[in-house]
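> Sharing structure16.pdb below, PDB, C-alpha atoms, pLDDT in the B column:
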ATOM      1  CA  MET A1331       0.000   0.000   0.000  1.00 44.00           C
ATOM      2  CA  THR A1332       1.226   3.485  -0.776  1.00 46.00           C
ATOM      3  CA  THR A1333      -0.371   5.409   2.074  1.00 45.00           C
ATOM      4  CA  LEU A1334       2.544   7.124   3.821  1.00 57.00           C
ATOM      5  CA  ARG A1335       1.357   6.336   7.338  1.00 75.00           C
ATOM      6  CA  LYS A1336      -1.442   4.538   9.107  1.00 92.00           C
ATOM      7  CA  LEU A1337      -4.044   6.063  11.355  1.00 96.00           C
ATOM      8  CA  PRO A1338      -3.639   5.658  15.124  1.00 96.00           C
ATOM      9  CA  LEU A1339      -5.581   2.621  16.303  1.00 97.00           C
ATOM     10  CA  ILE A1340      -7.847   4.835  18.406  1.00 97.00           C
ATOM     11  CA  CYS A1341      -9.335   6.205  15.168  1.00 97.00           C
ATOM     12  CA  GLY A1342     -11.108   2.858  14.892  1.00 97.00           C
ATOM     13  CA  LEU A1343     -13.508   4.173  17.536  1.00 97.00           C
ATOM     14  CA  LEU A1344     -14.862   6.683  14.993  1.00 97.00           C
ATOM     15  CA  PRO A1345     -17.913   4.585  14.005  1.00 96.00           C
ATOM     16  CA  THR A1346     -18.624   3.611  17.608  1.00 96.00           C
ATOM     17  CA  VAL A1347     -18.772   7.275  18.589  1.00 97.00           C
ATOM     18  CA  THR A1348     -20.876   8.278  15.576  1.00 97.00           C
ATOM     19  CA  VAL A1349     -23.320   5.379  16.055  1.00 95.00           C
ATOM     20  CA  TRP A1350     -23.688   6.184  19.748  1.00 96.00           C
ATOM     21  CA  LEU A1351     -24.216   9.881  19.024  1.00 96.00           C
ATOM     22  CA  GLY A1352     -26.599   9.407  16.109  1.00 95.00           C
ATOM     23  CA  MET A1353     -28.677   6.471  17.328  1.00 93.00           C
ATOM     24  CA  PHE A1354     -28.664   6.785  21.095  1.00 94.00           C
ATOM     25  CA  VAL A1355     -28.249  10.520  21.730  1.00 95.00           C
ATOM     26  CA  LEU A1356     -29.922  12.201  18.749  1.00 94.00           C
ATOM     27  CA  ASP A1357     -32.178   9.239  17.827  1.00 92.00           C
ATOM     28  CA  GLU A1358     -31.294   9.770  14.166  1.00 94.00           C
ATOM     29  CA  ALA A1359     -29.721   6.711  12.534  1.00 93.00           C
ATOM     30  CA  LEU A1360     -28.922   8.560   9.312  1.00 94.00           C
ATOM     31  CA  VAL A1361     -26.920  11.102  11.297  1.00 95.00           C
ATOM     32  CA  SER A1362     -24.666   8.214  12.357  1.00 96.00           C
ATOM     33  CA  VAL A1363     -24.023   7.303   8.722  1.00 96.00           C
ATOM     34  CA  VAL A1364     -23.332  10.904   7.703  1.00 96.00           C
ATOM     35  CA  LEU A1365     -20.966  11.551  10.621  1.00 97.00           C
ATOM     36  CA  TYR A1366     -19.185   8.239  10.076  1.00 98.00           C
ATOM     37  CA  HIS A1367     -18.593   8.855   6.388  1.00 98.00           C
ATOM     38  CA  VAL A1368     -17.652  12.507   6.852  1.00 98.00           C
ATOM     39  CA  GLY A1369     -15.145  11.321   9.462  1.00 98.00           C
ATOM     40  CA  ILE A1370     -13.696   8.832   6.983  1.00 98.00           C
ATOM     41  CA  ILE A1371     -13.361  11.509   4.311  1.00 98.00           C
ATOM     42  CA  ALA A1372     -11.614  13.780   6.828  1.00 97.00           C
ATOM     43  CA  CYS A1373      -9.167  10.960   7.602  1.00 97.00           C
ATOM     44  CA  MET A1374      -8.533  10.466   3.883  1.00 96.00           C
ATOM     45  CA  PHE A1375      -7.505  14.121   3.568  1.00 95.00           C
ATOM     46  CA  TRP A1376      -5.426  13.905   6.751  1.00 94.00           C
ATOM     47  CA  GLN A1377      -3.561  10.845   5.495  1.00 93.00           C
ATOM     48  CA  ASN A1378      -3.211  12.066   1.903  1.00 93.00           C
ATOM     49  CA  PHE A1379      -5.003   8.877   0.914  1.00 95.00           C
ATOM     50  CA  GLU A1380      -4.390   7.947  -2.728  1.00 92.00           C
ATOM     51  CA  LEU A1381      -7.734   7.169  -4.357  1.00 92.00           C
ATOM     52  CA  LYS A1382      -6.036   5.007  -6.975  1.00 93.00           C
ATOM     53  CA  GLN A1383      -5.674   2.367  -4.248  1.00 94.00           C
ATOM     54  CA  VAL A1384      -9.364   1.574  -4.670  1.00 96.00           C
ATOM     55  CA  LEU A1385      -8.676   0.421  -8.241  1.00 96.00           C
ATOM     56  CA  ARG A1386      -5.650  -1.736  -7.445  1.00 95.00           C
ATOM     57  CA  GLY A1387      -5.250  -5.406  -6.751  1.00 96.00           C
ATOM     58  CA  PHE A1388      -7.960  -7.113  -8.801  1.00 97.00           C
ATOM     59  CA  ASP A1389      -8.005 -10.911  -8.813  1.00 97.00           C
ATOM     60  CA  ALA A1390     -10.906 -12.716 -10.493  1.00 97.00           C
ATOM     61  CA  ARG A1391     -10.597 -15.937  -8.485  1.00 96.00           C
ATOM     62  CA  LEU A1392     -10.491 -14.084  -5.185  1.00 96.00           C
ATOM     63  CA  CYS A1393     -13.496 -12.017  -6.234  1.00 97.00           C
ATOM     64  CA  LEU A1394     -15.507 -15.084  -7.166  1.00 97.00           C
ATOM     65  CA  GLY A1395     -14.556 -17.085  -4.084  1.00 97.00           C
ATOM     66  CA  VAL A1396     -14.837 -14.385  -1.445  1.00 98.00           C
ATOM     67  CA  GLY A1397     -17.731 -12.717  -3.253  1.00 97.00           C
ATOM     68  CA  GLY A1398     -19.705 -15.943  -3.160  1.00 97.00           C
ATOM     69  CA  LEU A1399     -19.165 -16.194   0.573  1.00 97.00           C
ATOM     70  CA  CYS A1400     -20.187 -12.564   1.049  1.00 97.00           C
ATOM     71  CA  LEU A1401     -23.443 -13.103  -0.848  1.00 97.00           C
ATOM     72  CA  LEU A1402     -24.365 -15.717   1.751  1.00 97.00           C
ATOM     73  CA  THR A1403     -25.501 -12.764   3.856  1.00 97.00           C
ATOM     74  CA  TRP A1404     -28.675 -12.896   1.770  1.00 98.00           C
ATOM     75  CA  PRO A1405     -29.940 -16.408   2.654  1.00 98.00           C
ATOM     76  CA  LEU A1406     -28.413 -16.387   6.140  1.00 97.00           C
ATOM     77  CA  ILE A1407     -30.082 -13.171   7.267  1.00 97.00           C
ATOM     78  CA  THR A1408     -33.352 -14.162   5.588  1.00 97.00           C
ATOM     79  CA  VAL A1409     -33.450 -17.460   7.483  1.00 97.00           C
ATOM     80  CA  LEU A1410     -31.981 -16.340  10.807  1.00 97.00           C
ATOM     81  CA  TRP A1411     -33.602 -12.931  11.285  1.00 97.00           C
ATOM     82  CA  PRO A1412     -36.912 -14.275  12.646  1.00 95.00           C
ATOM     83  CA  ILE A1413     -34.912 -16.246  15.226  1.00 96.00           C
ATOM     84  CA  MET A1414     -32.463 -13.468  16.058  1.00 97.00           C
ATOM     85  CA  VAL A1415     -34.792 -10.488  16.313  1.00 97.00           C
ATOM     86  CA  GLN A1416     -36.020  -9.278  19.674  1.00 96.00           C
ATOM     87  CA  PRO A1417     -39.774  -9.251  20.380  1.00 95.00           C
ATOM     88  CA  GLY A1418     -41.457  -6.053  19.314  1.00 93.00           C
ATOM     89  CA  VAL A1419     -38.894  -5.112  16.657  1.00 94.00           C
ATOM     90  CA  ASP A1420     -40.706  -4.398  13.386  1.00 94.00           C
ATOM     91  CA  LEU A1421     -38.346  -4.111  10.428  1.00 94.00           C
ATOM     92  CA  SER A1422     -40.718  -1.980   8.362  1.00 94.00           C
ATOM     93  CA  ALA A1423     -41.385   0.429  11.221  1.00 94.00           C
ATOM     94  CA  LEU A1424     -37.681   0.526  11.990  1.00 93.00           C
ATOM     95  CA  LEU A1425     -36.826   1.699   8.480  1.00 93.00           C
ATOM     96  CA  VAL A1426     -39.486   4.404   8.755  1.00 92.00           C
ATOM     97  CA  ASP A1427     -38.011   5.509  12.082  1.00 92.00           C
ATOM     98  CA  TRP A1428     -34.610   5.659  10.416  1.00 92.00           C
ATOM     99  CA  ARG A1429     -36.140   7.845   7.649  1.00 91.00           C
ATOM    100  CA  ILE A1430     -35.426   5.209   5.000  1.00 93.00           C
ATOM    101  CA  ARG A1431     -38.716   5.448   3.159  1.00 90.00           C
ATOM    102  CA  GLY A1432     -40.345   6.581  -0.059  1.00 89.00           C
ATOM    103  CA  SER A1433     -38.137   7.669  -2.934  1.00 88.00           C
ATOM    104  CA  PHE A1434     -35.143   7.833  -0.593  1.00 93.00           C
ATOM    105  CA  VAL A1435     -35.068   4.022  -0.367  1.00 94.00           C
ATOM    106  CA  GLY A1436     -33.565   3.654  -3.842  1.00 95.00           C
ATOM    107  CA  VAL A1437     -30.959   6.327  -3.174  1.00 95.00           C
ATOM    108  CA  PHE A1438     -30.000   4.687   0.118  1.00 95.00           C
ATOM    109  CA  VAL A1439     -29.709   1.241  -1.477  1.00 96.00           C
ATOM    110  CA  VAL A1440     -27.465   2.489  -4.300  1.00 96.00           C
ATOM    111  CA  TYR A1441     -25.326   4.417  -1.826  1.00 97.00           C
ATOM    112  CA  SER A1442     -25.058   1.361   0.438  1.00 96.00           C
ATOM    113  CA  ILE A1443     -23.684  -0.911  -2.262  1.00 97.00           C
ATOM    114  CA  THR A1444     -21.415   1.630  -4.001  1.00 97.00           C
ATOM    115  CA  LEU A1445     -19.951   4.497  -1.983  1.00 97.00           C
ATOM    116  CA  HIS A1446     -20.337   2.876   1.419  1.00 98.00           C
ATOM    117  CA  PRO A1447     -18.011  -0.105   0.714  1.00 98.00           C
ATOM    118  CA  ILE A1448     -15.474   2.214  -0.938  1.00 98.00           C
ATOM    119  CA  LEU A1449     -15.358   4.468   2.118  1.00 98.00           C
ATOM    120  CA  GLU A1450     -15.329   1.617   4.644  1.00 98.00           C
ATOM    121  CA  GLU A1451     -12.582  -0.349   2.917  1.00 98.00           C
ATOM    122  CA  SER A1452     -10.520   2.791   2.393  1.00 97.00           C
ATOM    123  CA  PHE A1453     -10.775   3.447   6.125  1.00 98.00           C
ATOM    124  CA  TRP A1454     -10.535  -0.017   7.674  1.00 98.00           C
ATOM    125  CA  ARG A1455      -8.171  -1.755   5.266  1.00 97.00           C
ATOM    126  CA  GLY A1456      -6.503   1.224   3.605  1.00 96.00           C
ATOM    127  CA  MET A1457      -5.762   3.530   6.533  1.00 97.00           C
ATOM    128  CA  MET A1458      -6.195   1.591   9.773  1.00 97.00           C
ATOM    129  CA  PRO A1459      -3.234  -0.480  11.071  1.00 97.00           C
ATOM    130  CA  ASP A1460      -2.775  -3.887   9.459  1.00 96.00           C
ATOM    131  CA  HIS A1461      -3.444  -5.647  12.777  1.00 96.00           C
ATOM    132  CA  TRP A1462      -6.043  -7.926  14.338  1.00 97.00           C
ATOM    133  CA  LYS A1463      -7.022  -5.115  16.712  1.00 98.00           C
ATOM    134  CA  SER A1464      -8.431  -3.251  13.712  1.00 98.00           C
ATOM    135  CA  ASP A1465     -10.604  -6.293  12.982  1.00 98.00           C
ATOM    136  CA  ILE A1466     -11.896  -6.238  16.563  1.00 98.00           C
ATOM    137  CA  LEU A1467     -12.842  -2.569  16.296  1.00 98.00           C
ATOM    138  CA  PHE A1468     -14.504  -3.136  12.915  1.00 98.00           C
ATOM    139  CA  ALA A1469     -16.646  -5.966  14.244  1.00 98.00           C
ATOM    140  CA  GLY A1470     -17.329  -4.228  17.537  1.00 96.00           C
ATOM    141  CA  PHE A1471     -19.101  -1.140  16.252  1.00 96.00           C
ATOM    142  CA  HIS A1472     -21.606  -3.290  14.362  1.00 96.00           C
ATOM    143  CA  LEU A1473     -22.712  -4.769  17.685  1.00 96.00           C
ATOM    144  CA  LEU A1474     -23.723  -1.317  18.883  1.00 94.00           C
ATOM    145  CA  VAL A1475     -26.090  -1.098  15.906  1.00 94.00           C
ATOM    146  CA  LEU A1476     -27.503  -4.589  16.460  1.00 96.00           C
ATOM    147  CA  TYR A1477     -27.728  -4.562  20.255  1.00 94.00           C
ATOM    148  CA  PRO A1478     -31.233  -3.017  20.382  1.00 93.00           C
ATOM    149  CA  LEU A1479     -32.470  -5.316  17.602  1.00 96.00           C
ATOM    150  CA  VAL A1480     -31.324  -8.899  18.204  1.00 97.00           C
ATOM    151  CA  HIS A1481     -31.125 -11.266  21.147  1.00 97.00           C
ATOM    152  CA  ALA A1482     -27.826 -10.862  23.014  1.00 96.00           C
ATOM    153  CA  ILE A1483     -26.929 -14.514  22.463  1.00 97.00           C
ATOM    154  CA  TRP A1484     -26.414 -13.759  18.760  1.00 97.00           C
ATOM    155  CA  LEU A1485     -24.022 -10.853  19.263  1.00 97.00           C
ATOM    156  CA  PRO A1486     -20.915 -13.051  19.803  1.00 97.00           C
ATOM    157  CA  VAL A1487     -21.785 -14.947  16.608  1.00 97.00           C
ATOM    158  CA  VAL A1488     -22.064 -11.732  14.604  1.00 97.00           C
ATOM    159  CA  PHE A1489     -18.883 -10.451  16.212  1.00 98.00           C
ATOM    160  CA  GLY A1490     -16.990 -13.592  15.227  1.00 98.00           C
ATOM    161  CA  VAL A1491     -18.214 -13.551  11.635  1.00 97.00           C
ATOM    162  CA  LEU A1492     -17.374  -9.871  11.153  1.00 98.00           C
ATOM    163  CA  THR A1493     -13.953 -10.251  12.775  1.00 98.00           C
ATOM    164  CA  VAL A1494     -13.102 -13.089  10.392  1.00 98.00           C
ATOM    165  CA  ALA A1495     -14.458 -11.133   7.409  1.00 98.00           C
ATOM    166  CA  SER A1496     -12.360  -8.118   8.370  1.00 98.00           C
ATOM    167  CA  GLY A1497      -9.284 -10.298   8.736  1.00 98.00           C
ATOM    168  CA  ILE A1498      -9.842 -11.804   5.283  1.00 98.00           C
ATOM    169  CA  TRP A1499     -10.295  -8.386   3.667  1.00 98.00           C
ATOM    170  CA  ARG A1500      -7.179  -7.139   5.459  1.00 98.00           C
ATOM    171  CA  TRP A1501      -5.176 -10.156   4.238  1.00 98.00           C
ATOM    172  CA  ILE A1502      -6.408  -9.642   0.658  1.00 98.00           C
ATOM    173  CA  THR A1503      -5.455  -5.955   0.783  1.00 97.00           C
ATOM    174  CA  ARG A1504      -1.948  -6.843   1.922  1.00 96.00           C
ATOM    175  CA  ARG A1505      -1.606  -9.693  -0.603  1.00 97.00           C
ATOM    176  CA  GLN A1506      -2.929  -7.728  -3.583  1.00 96.00           C
ATOM    177  CA  GLN A1507      -1.457  -4.364  -2.568  1.00 95.00           C
ATOM    178  CA  GLY A1508      -4.796  -2.766  -3.294  1.00 96.00           C
ATOM    179  CA  LEU A1509      -8.398  -2.420  -2.163  1.00 98.00           C
ATOM    180  CA  LEU A1510     -10.383  -3.410  -5.249  1.00 98.00           C
ATOM    181  CA  VAL A1511     -11.186  -6.997  -4.229  1.00 98.00           C
ATOM    182  CA  PRO A1512     -12.227  -6.039  -0.666  1.00 98.00           C
ATOM    183  CA  ILE A1513     -14.386  -3.226  -2.041  1.00 98.00           C
ATOM    184  CA  LEU A1514     -16.135  -5.428  -4.608  1.00 98.00           C
ATOM    185  CA  THR A1515     -16.748  -8.287  -2.187  1.00 98.00           C
ATOM    186  CA  HIS A1516     -17.822  -5.896   0.586  1.00 98.00           C
ATOM    187  CA  ALA A1517     -20.339  -4.475  -1.894  1.00 98.00           C
ATOM    188  CA  LEU A1518     -21.659  -7.994  -2.492  1.00 98.00           C
ATOM    189  CA  ALA A1519     -22.035  -8.517   1.264  1.00 98.00           C
ATOM    190  CA  ASP A1520     -23.990  -5.253   1.501  1.00 98.00           C
ATOM    191  CA  LEU A1521     -26.085  -6.272  -1.500  1.00 98.00           C
ATOM    192  CA  GLY A1522     -26.902  -9.513   0.293  1.00 98.00           C
ATOM    193  CA  VAL A1523     -28.100  -7.552   3.316  1.00 97.00           C
ATOM    194  CA  VAL A1524     -30.281  -5.351   1.102  1.00 97.00           C
ATOM    195  CA  LEU A1525     -31.816  -8.388  -0.632  1.00 98.00           C
ATOM    196  CA  ALA A1526     -32.455 -10.087   2.707  1.00 97.00           C
ATOM    197  CA  VAL A1527     -34.229  -6.998   4.075  1.00 96.00           C
ATOM    198  CA  TRP A1528     -36.302  -6.785   0.892  1.00 96.00           C
ATOM    199  CA  MET A1529     -37.369 -10.426   1.212  1.00 96.00           C
ATOM    200  CA  LEU A1530     -38.176 -10.067   4.902  1.00 96.00           C
ATOM    201  CA  LEU A1531     -40.307  -6.996   4.209  1.00 95.00           C
ATOM    202  CA  ARG A1532     -42.189  -8.820   1.449  1.00 93.00           C
ATOM    203  CA  ALA A1533     -42.863 -11.744   3.759  1.00 91.00           C
ATOM    204  CA  SER A1534     -44.145  -9.571   6.613  1.00 80.00           C
TER     205      SER A1534
END
Re-express the file's structure as structure tokens.


Amino acid sequence: MTTLRKLPLICGLLPTVTVWLGMFVLDEALVSVVLYHVGIIACMFWQNFELKQVLRGFDARLCLGVGGLCLLTWPLITVLWPIMVQPGVDLSALLVDWRIRGSFVGVFVVYSITLHPILEESFWRGMMPDHWKSDILFAGFHLLVLYPLVHAIWLPVVFGVLTVASGIWRWITRRQQGLLVPILTHALADLGVVLAVWMLLRAS
């Protein structure tokens, strides 16, 4: 990687702080996303991040193999969500509360599977230290999002899966000297989540 220096590990708390502020203080989930991504962009300027890194390191076999695994988010979430979700959590009402409704749904979906994976991979695998502690921080902030939604017994499972996924993306970035494969496969994972939510909403 050509980034001159890595971010301090403490910067990995950025999404935890933004999620806590947006969801639990301001009660505005979209504020969390905006603050998180603005924070990432600020870090990119601070680190003189080279955008050409997002186009480096393509490998078709890695994309197919890891991408196939990432798309498993679709059937897994579809099947497991009714078991994982806490009583009283309504997915449709939740999206309305988060202001993801109407014509904005399409915009949010496109953003989630395009710009979001670019920004996240640039931050977590491009600028954060190449260390397992970065994987822990990556997995950890997702638990803050899920804690009000799913039974606590599932949080360690989610944490383990996301830690492994982060480690794989970090290894690929180091091996390929670029972020393209992690970005593409991360986008497939996000697409799987979107498809799972769509199917769950149709079934409700």

> For Val1426 (chain A), which of A:Met1529, A:Leu1492, A:Ala1359, A:Val1475 is the closest residue, counting all atoms listed in the file?

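When distances to Val1426 (chain A) are compared using all atoms listed in the file, the smallest one comes from A:Ala1359.
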
> So for region 1521-1524 of chain A, what box centre and size do we get, axis-aligned, 5 Å extra on each of the six sides, every listed atom, Å to one decimal, as JSON?


{"center_x": -28.2, "center_y": -7.4, "center_z": 0.9, "size_x": 14.2, "size_y": 14.2, "size_z": 14.8}

> Taking (-35.5, -7.1, 20.7) as a centre in this file's frame and 8 Å as the limit, can you find every polymer residue with an atom that close, using all atoms listed in the file, and give them as a ChimeraX atom specification?

/A:1415-1419,1478-1481

> Tell me which of A:Val1409, A:Val1524, A:Met1457, A:Val1435 sits closest to Gly1508 (chain A), counting all atoms listed in the file.

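For Gly1508 (chain A), the nearest of the candidates is A:Met1457.
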
> I need the residue nearest Ser1464 (chain A) from this list: A:Phe1388, A:Trp1484, A:Trp1376, A:Trp1499. Use all atoms listed in the file for the distance.

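Closest to Ser1464 (chain A), using all atoms listed in the file: A:Trp1499.
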
> For the point (-24.7, -6.5, 3.5) in the file's frame, write as a VMD selection string all residues with an atom no more than 12 Å away, counting all atoms listed in the file.

chain A and resid 1397 1399 to 1408 1439 1442 to 1444 1446 to 1447 1472 1492 1495 1514 to 1528

> CA of Gln1377 (chain A) to CA of Leu1337 (chain A): how many Å, to one decimal?

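Taking CA of Gln1377 (chain A) as the start and CA of Leu1337 (chain A) as the end point, the length is 7.6 Å.
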
> The PyMOL selection byres ((chain A and resi 1345) around 10) on the file shown: which residues, as a PyMOL selection string?

chain A and resi 1341-1344+1346-1351+1362-1363+1365-1367+1369-1370+1467-1468+1470-1472+1474

> Write out as a PDB file with C-alpha atoms, keeping the file's coordinate frame which residues come within 10 Å of Lys1463 (chain A) when counting all atoms listed in the file, dropping same-chain ones fewer than 6 positions away.


ATOM      1  CA  LEU A1339      -5.581   2.621  16.303  1.00 97.00           C
ATOM      2  CA  GLY A1342     -11.108   2.858  14.892  1.00 97.00           C
ATOM      3  CA  ALA A1469     -16.646  -5.966  14.244  1.00 98.00           C
ATOM      4  CA  THR A1493     -13.953 -10.251  12.775  1.00 98.00           C
ATOM      5  CA  GLY A1497      -9.284 -10.298   8.736  1.00 98.00           C
TER       6      GLY A1497
END

> Just to confirm, what's the straight-line distance from CA of Asp1357 (chain A) to CA of Ala1423 (chain A) in Å (one decimal)?

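Going from CA of Asp1357 (chain A) over to CA of Ala1423 (chain A), I get 14.4 Å.
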
> Leaving out Thr1503 (chain A) and any residue of its chain fewer than 3 positions from it, which residues lie within 8 Å of it when counting only C-alpha atoms, given as a count of residues only?

11

> What gap, in Å, lies between CA of Tyr1441 (chain A) and CA of Val1368 (chain A)?

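CA of Val1368 (chain A) lies at a distance of 14.1 Å from CA of Tyr1441 (chain A).
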
> Go through A:Ile1502, A:Leu1356, A:Ile1430, A:Met1414 one by one, measure the shortest atom-to-atom distance of each to Leu1485 (chain A) using only C-alpha atoms, and give the residue with the smallest value.

A:Met1414

> Of the residues A:Gly1352, A:Pro1338, A:Gly1395, A:Pro1412, which is the one nearest to Trp1428 (chain A), using only C-alpha atoms?

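Of A:Gly1352, A:Pro1338, A:Gly1395, A:Pro1412, the one nearest Trp1428 (chain A) is A:Gly1352, counting only C-alpha atoms.
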
> Written as a list in words, which residues does the PyMOL selection byres ((chain A and resi 1378) around 12) give for the file shown?

Thr1332, Thr1333, Leu1334, Arg1335, Lys1336, Leu1337, Ile1371, Ala1372, Cys1373, Met1374, Phe1375, Trp1376, Gln1377, Phe1379, Glu1380, Leu1381, Lys1382, Gln1383, Ser1452, Gly1456 and Met1457 of chain A

> Go ahead and dump the residues you just picked, C-alpha atoms, as a JSON list (two decimals), in the coordinates of the input.


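again_14.json, written as the output of this step:
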[["chain", "number", "residue", "atom", "x", "y", "z"],
["A", 1332, "THR", "CA", 1.23, 3.48, -0.78],
["A", 1333, "THR", "CA", -0.37, 5.41, 2.07],
["A", 1334, "LEU", "CA", 2.54, 7.12, 3.82],
["A", 1335, "ARG", "CA", 1.36, 6.34, 7.34],
["A", 1336, "LYS", "CA", -1.44, 4.54, 9.11],
["A", 1337, "LEU", "CA", -4.04, 6.06, 11.36],
["A", 1371, "ILE", "CA", -13.36, 11.51, 4.31],
["A", 1372, "ALA", "CA", -11.61, 13.78, 6.83],
["A", 1373, "CYS", "CA", -9.17, 10.96, 7.60],
["A", 1374, "MET", "CA", -8.53, 10.47, 3.88],
["A", 1375, "PHE", "CA", -7.50, 14.12, 3.57],
["A", 1376, "TRP", "CA", -5.43, 13.90, 6.75],
["A", 1377, "GLN", "CA", -3.56, 10.84, 5.50],
["A", 1379, "PHE", "CA", -5.00, 8.88, 0.91],
["A", 1380, "GLU", "CA", -4.39, 7.95, -2.73],
["A", 1381, "LEU", "CA", -7.73, 7.17, -4.36],
["A", 1382, "LYS", "CA", -6.04, 5.01, -6.98],
["A", 1383, "GLN", "CA", -5.67, 2.37, -4.25],
["A", 1452, "SER", "CA", -10.52, 2.79, 2.39],
["A", 1456, "GLY", "CA", -6.50, 1.22, 3.60],
["A", 1457, "MET", "CA", -5.76, 3.53, 6.53]]

> Kindly indicate which residue among A:Gly1436, A:Ser1422, A:Trp1462, A:Leu1410 lies nearest to Val1487 (chain A), using all atoms listed in the file for the distances.

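Smallest distance to Val1487 (chain A) is found for A:Leu1410.
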